[in-house]
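*Asks:* One structure follows; several queries about it will come next.
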Amino acid sequence: MSVVAAEVNSPWSYLGHAVHCVSSRPRNQSAEGPAVLLVHGFGASTDHWRFNIPVISQTHEVHALDLLGFGRSAKPSELNYGGELWREQLVAYVKERIGRPTVLVGNSLGGYAALAAGTDLGSDAAGVVLLNAAGYFSDSSKKKAAQNWWSKARQSIGAGVMRDPLVQRLIFENLRKSSTIRRTLNQVYIDSTNVDDDLVESIRRPSLDPGAFGVFRSVFDGSGPKGQPLDELFSELKAPLLLLWGNLDPWMNAAGKRAAFQRYAPSATTEVVLQAGHCPHDEVPEQVNSALVDWLNSL
């Protein structure tokens, strides 16, 4: 299977910066149902949906984009990278490029951005799907549990990122080595079958772009994705919600975070638990695709 079985869209920019985006549509152009927008996690890109786009696009119009700072999108130094930037980028994309009700699907950091954008889009959000989403809750005890994935991510590079630019640069250079990327992926995929050369290269390649180091410093200098707490976003969300959990995620306390989500998520939320790690859409794509398409068809 090709890395992404989709067409590269015509150029689109946000805040004057180039954004890489792809799309794929059913052969039957009259197919009903909402459009779908796929949003990757930290360090990933549209390539991370390689096993999902070909299946979902059999029945739904599918889009995927690279968040500013990642993948093939621009990585300008002047931007304040975080939840608010990506939230606004997704809202603009739905309104400007899709132009109709859309289900936003996000993994990890992209899950937070998808949820935040879903609250802003109102009736233009046909649904939100979270796969091991990042974020925190207003309650301090919940915040600690919800951000456990972030501390694990930082621990995976050996130590917390130092303030010294030279130390940060040395860490970044090590992180973008193919061997380090593969080792990290093997930590977060319970079944490493799909940790292949294509996946490793899809993460390594963007790290060579000018500006990639600045994005790394900007994101990792903080305590996690900045933005509105998850409980506030849940209270504002009007669209249907699907939670797809990689139940064996080593980067977060999945059981503890699921309990917090169950406490604050809307009562009509659908939840599917999968025996997978932090990126279930790429680790067990057949299971994710089946659950997602079934839910989309129920809307």
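Letters A, B, ... mark the chains of the structure tokens in the order given; residue numbers begin at 1 per chain; ligand numbers begin at 1, in order shown.
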Quick one: everything within 7 Å of Glu61 of chain A, counting only C-alpha atoms, minus sequence neighbours fewer than 5 positions away in the same chain. Send it as a list in words.
*Replies:*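 Everything that qualifies: Ser24, Arg25, Pro26, Ala35 and Val36 of chain A.
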*Asks:* Pull the closest atom pair for each residue of segment 163-252 of chain A that gets at most 8 Å from segment 122-130 of chain A, along with the distance in Å to one decimal, counting only C-alpha atoms, ordering rows by chain and then ascending residue number, as CSV.
*Replies:*
```
residue,atom,partner,partner_atom,distance
A:Leu237,CA,A:Gly122,CA,7.8
A:Lys238,CA,A:Gly122,CA,6.8
A:Ala239,CA,A:Gly127,CA,4.8
A:Pro240,CA,A:Gly127,CA,4.7
A:Leu241,CA,A:Val128,CA,5.0
A:Leu242,CA,A:Val129,CA,4.7
A:Leu243,CA,A:Leu130,CA,5.0
A:Leu244,CA,A:Leu130,CA,6.0
```
*Asks:* Which residues are near segment 287-290 of chain A? Cut-off 10 Å, only C-alpha atoms, ignore same chain within fewer than 4 positions. Put them as a short mmCIF file (atom, residue, chain, number, x, y, z; two decimals) with N, CA and C atoms, in the first residue's frame.
*Replies:*
```cif
data_model
loop_
_atom_site.label_atom_id
_atom_site.label_comp_id
_atom_site.auth_asym_id
_atom_site.auth_seq_id
_atom_site.Cartn_x
_atom_site.Cartn_y
_atom_site.Cartn_z
N PHE A 51 -2.85 3.95 6.22
CA PHE A 51 -3.71 2.78 6.20
C PHE A 51 -5.19 3.13 6.38
N ASN A 52 -5.48 4.39 6.61
CA ASN A 52 -6.86 4.80 6.91
C ASN A 52 -7.53 5.50 5.73
N ILE A 53 -6.79 6.38 5.06
CA ILE A 53 -7.38 7.14 3.96
C ILE A 53 -7.96 6.23 2.87
N PRO A 54 -7.24 5.19 2.43
CA PRO A 54 -7.80 4.36 1.35
C PRO A 54 -9.11 3.68 1.72
N VAL A 55 -9.30 3.37 2.98
CA VAL A 55 -10.52 2.68 3.42
C VAL A 55 -11.65 3.66 3.65
N ILE A 56 -11.39 4.72 4.41
CA ILE A 56 -12.45 5.68 4.74
C ILE A 56 -12.96 6.37 3.48
N LEU A 131 -8.42 9.81 19.19
CA LEU A 131 -7.61 8.61 19.37
C LEU A 131 -6.48 8.95 20.32
N LEU A 244 -11.76 6.53 20.57
CA LEU A 244 -11.09 5.29 20.20
C LEU A 244 -9.81 5.21 21.03
N TRP A 245 -9.75 4.23 21.93
CA TRP A 245 -8.64 4.16 22.89
C TRP A 245 -7.69 3.02 22.55
N GLY A 246 -6.40 3.36 22.42
CA GLY A 246 -5.36 2.35 22.48
C GLY A 246 -5.13 2.07 23.96
N VAL A 272 -14.80 3.06 22.11
CA VAL A 272 -14.32 1.77 21.64
C VAL A 272 -12.90 1.57 22.18
N VAL A 273 -12.67 0.47 22.87
CA VAL A 273 -11.36 0.19 23.47
C VAL A 273 -10.64 -0.84 22.61
N LEU A 274 -9.40 -0.54 22.27
CA LEU A 274 -8.59 -1.39 21.39
C LEU A 274 -7.32 -1.83 22.11
N GLN A 275 -6.86 -3.01 21.81
CA GLN A 275 -5.62 -3.53 22.39
C GLN A 275 -4.46 -3.00 21.55
N PRO A 280 -3.24 3.95 17.63
CA PRO A 280 -4.00 2.77 17.18
C PRO A 280 -4.37 2.80 15.71
N HIS A 281 -4.54 4.00 15.13
CA HIS A 281 -4.93 4.08 13.72
C HIS A 281 -3.88 3.49 12.79
N ASP A 282 -2.60 3.51 13.21
CA ASP A 282 -1.53 2.94 12.38
C ASP A 282 -1.12 1.56 12.87
N GLU A 283 -1.31 1.28 14.15
CA GLU A 283 -0.92 -0.02 14.70
C GLU A 283 -1.97 -1.10 14.40
N ASP A 294 -18.18 2.45 10.81
CA ASP A 294 -19.50 2.10 11.38
C ASP A 294 -20.12 3.30 12.07
N TRP A 295 -19.29 4.04 12.82
CA TRP A 295 -19.80 5.22 13.54
C TRP A 295 -20.19 6.32 12.55
N LEU A 296 -19.38 6.55 11.53
CA LEU A 296 -19.69 7.56 10.52
C LEU A 296 -21.03 7.25 9.84
#
```
*Asks:* Could you pull the residues within 6 Å of segment 230-236 of chain A, counting only C-alpha atoms, minus those fewer than 4 positions along the same chain, as a list in words?
*Replies:* Thr119, Tyr136, Phe137, Tyr264 and Ala265 of chain A
*Asks:* Counting only C-alpha atoms, which residue out of A:Arg50, A:His17, A:His63, A:Arg205 sits closest to Lys177 of chain A?
*Replies:*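 The shortest atom-to-atom distance to Lys177 of chain A comes from A:Arg205.
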*Asks:* Using DSSP on the backbone coordinates, identify all residues within segment 34-265 of chain A classified as strand (DSSP E); present the result as number ranges by chain.
*Replies:* A: 35-39, 62-65, 102-107, 125-131, 241-246
*Asks:* Can I get the selected residues back with C-alpha atoms, as a PDB file, in the first residue's frame?
*Replies:*
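As a result, selection08.pdb now contains:
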```pdb
ATOM      1  CA  ALA A  35     -16.569  14.933   5.069  1.00  0.00           C
ATOM      2  CA  VAL A  36     -13.725  13.680   7.288  1.00  0.00           C
ATOM      3  CA  LEU A  37     -10.594  15.628   8.316  1.00  0.00           C
ATOM      4  CA  LEU A  38      -7.684  13.623   9.752  1.00  0.00           C
ATOM      5  CA  VAL A  39      -5.247  15.369  12.113  1.00  0.00           C
ATOM      6  CA  VAL A  62     -11.499  12.459   3.294  1.00  0.00           C
ATOM      7  CA  HIS A  63      -9.010  15.256   3.905  1.00  0.00           C
ATOM      8  CA  ALA A  64      -5.764  15.292   5.886  1.00  0.00           C
ATOM      9  CA  LEU A  65      -3.347  18.138   6.510  1.00  0.00           C
ATOM     10  CA  THR A 102     -17.012  17.688   8.699  1.00  0.00           C
ATOM     11  CA  VAL A 103     -16.000  15.025  11.208  1.00  0.00           C
ATOM     12  CA  LEU A 104     -12.636  15.917  12.761  1.00  0.00           C
ATOM     13  CA  VAL A 105     -10.468  12.925  13.660  1.00  0.00           C
ATOM     14  CA  GLY A 106      -7.294  13.472  15.706  1.00  0.00           C
ATOM     15  CA  ASN A 107      -4.559  11.440  17.359  1.00  0.00           C
ATOM     16  CA  ALA A 125     -18.664  20.017  12.973  1.00  0.00           C
ATOM     17  CA  ALA A 126     -20.546  16.819  12.130  1.00  0.00           C
ATOM     18  CA  GLY A 127     -18.595  14.909  14.770  1.00  0.00           C
ATOM     19  CA  VAL A 128     -15.289  14.577  16.624  1.00  0.00           C
ATOM     20  CA  VAL A 129     -13.192  11.418  16.949  1.00  0.00           C
ATOM     21  CA  LEU A 130     -10.340  11.241  19.474  1.00  0.00           C
ATOM     22  CA  LEU A 131      -7.611   8.607  19.371  1.00  0.00           C
ATOM     23  CA  LEU A 241     -18.137  12.276  19.966  1.00  0.00           C
ATOM     24  CA  LEU A 242     -16.322   8.970  19.400  1.00  0.00           C
ATOM     25  CA  LEU A 243     -13.436   7.913  21.645  1.00  0.00           C
ATOM     26  CA  LEU A 244     -11.088   5.291  20.203  1.00  0.00           C
ATOM     27  CA  TRP A 245      -8.642   4.155  22.888  1.00  0.00           C
ATOM     28  CA  GLY A 246      -5.358   2.347  22.476  1.00  0.00           C
TER      29      GLY A 246
END
```
*Asks:* Considering only C-alpha atoms, can you say which of A:Thr59, A:Ser23, A:Ser207, A:Asn28 comes closest to Ser178 of chain A?
*Replies:*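 Among the listed residues, the smallest separation from Ser178 of chain A belongs to A:Ser207.
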*Asks:* Nearest to Arg258 of chain A: which of A:Asn132, A:Asn80, A:Ser218, A:Ser298 is it, counting only C-alpha atoms?
*Replies:*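 When distances to Arg258 of chain A are compared using only C-alpha atoms, the smallest one comes from A:Asn132.
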*Asks:* From a DSSP pass on the backbone, collect the residues of segment 37-180 of chain A flagged as helix (DSSP H, G or I) and hand them back as number ranges by chain.
*Replies:* A: 46-49, 53-56, 83-98, 109-124, 140-146, 148-155, 165-175, 178-180
*Asks:* Mind checking which residues fall within 7 Å of Ser73 of chain A, counting only C-alpha atoms, ignoring those fewer than 5 positions away in the same chain, and posting them as a ChimeraX atom specification?
*Replies:* /A:18-20,66-68
*Asks:* Those selected residues, please, written with C-alpha atoms and delivered as an mmCIF file, in the first residue's frame.
*Replies:*
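Output file out-v9.cif is given in full below:
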```
data_model
loop_
_atom_site.group_PDB
_atom_site.id
_atom_site.type_symbol
_atom_site.label_atom_id
_atom_site.label_comp_id
_atom_site.auth_asym_id
_atom_site.auth_seq_id
_atom_site.Cartn_x
_atom_site.Cartn_y
_atom_site.Cartn_z
ATOM 1 C CA ALA A 18 2.077 26.997 3.092
ATOM 2 C CA VAL A 19 0.069 24.050 4.419
ATOM 3 C CA HIS A 20 0.395 20.571 2.935
ATOM 4 C CA ASP A 66 -0.004 18.760 8.124
ATOM 5 C CA LEU A 67 -0.295 21.156 11.047
ATOM 6 C CA LEU A 68 1.966 24.188 10.770
#
```
*Asks:* Val188 of chain A: which residues within 7 Å, counting only C-alpha atoms, same-chain residues fewer than 4 positions away excluded, as a list of chain:residue names?
*Replies:*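 Counting only the stated atoms, we get A:Thr184, A:Asp249, A:Pro250, A:Trp251, A:Gly277, A:His278.
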*Asks:* Those same residues, written as a tab-separated table (two decimals), in the first residue's frame with N, CA and C atoms?
*Replies:*
```
chain	number	residue	atom	x	y	z
A	184	THR	N	11.81	4.84	19.54
A	184	THR	CA	10.67	5.50	20.18
A	184	THR	C	9.36	4.90	19.69
A	249	ASP	N	-1.51	2.06	25.84
A	249	ASP	CA	-0.65	3.20	25.56
A	249	ASP	C	0.37	3.41	26.67
A	250	PRO	N	1.68	3.25	26.39
A	250	PRO	CA	2.69	3.43	27.43
A	250	PRO	C	3.01	4.88	27.72
A	251	TRP	N	2.50	5.82	26.92
A	251	TRP	CA	2.79	7.23	27.12
A	251	TRP	C	1.74	7.93	27.97
A	277	GLY	N	-1.36	0.61	21.30
A	277	GLY	CA	-0.62	1.65	22.00
A	277	GLY	C	-1.12	3.05	21.67
A	278	HIS	N	-0.19	3.99	21.57
A	278	HIS	CA	-0.53	5.41	21.47
A	278	HIS	C	-1.10	5.80	20.11
```
*Asks:* Considering only C-alpha atoms, state which residue in the set A:Ser267, A:Leu248, A:Ala259, A:Trp12 is at the smallest distance from Ala74 of chain A.
*Replies:* A:Trp12
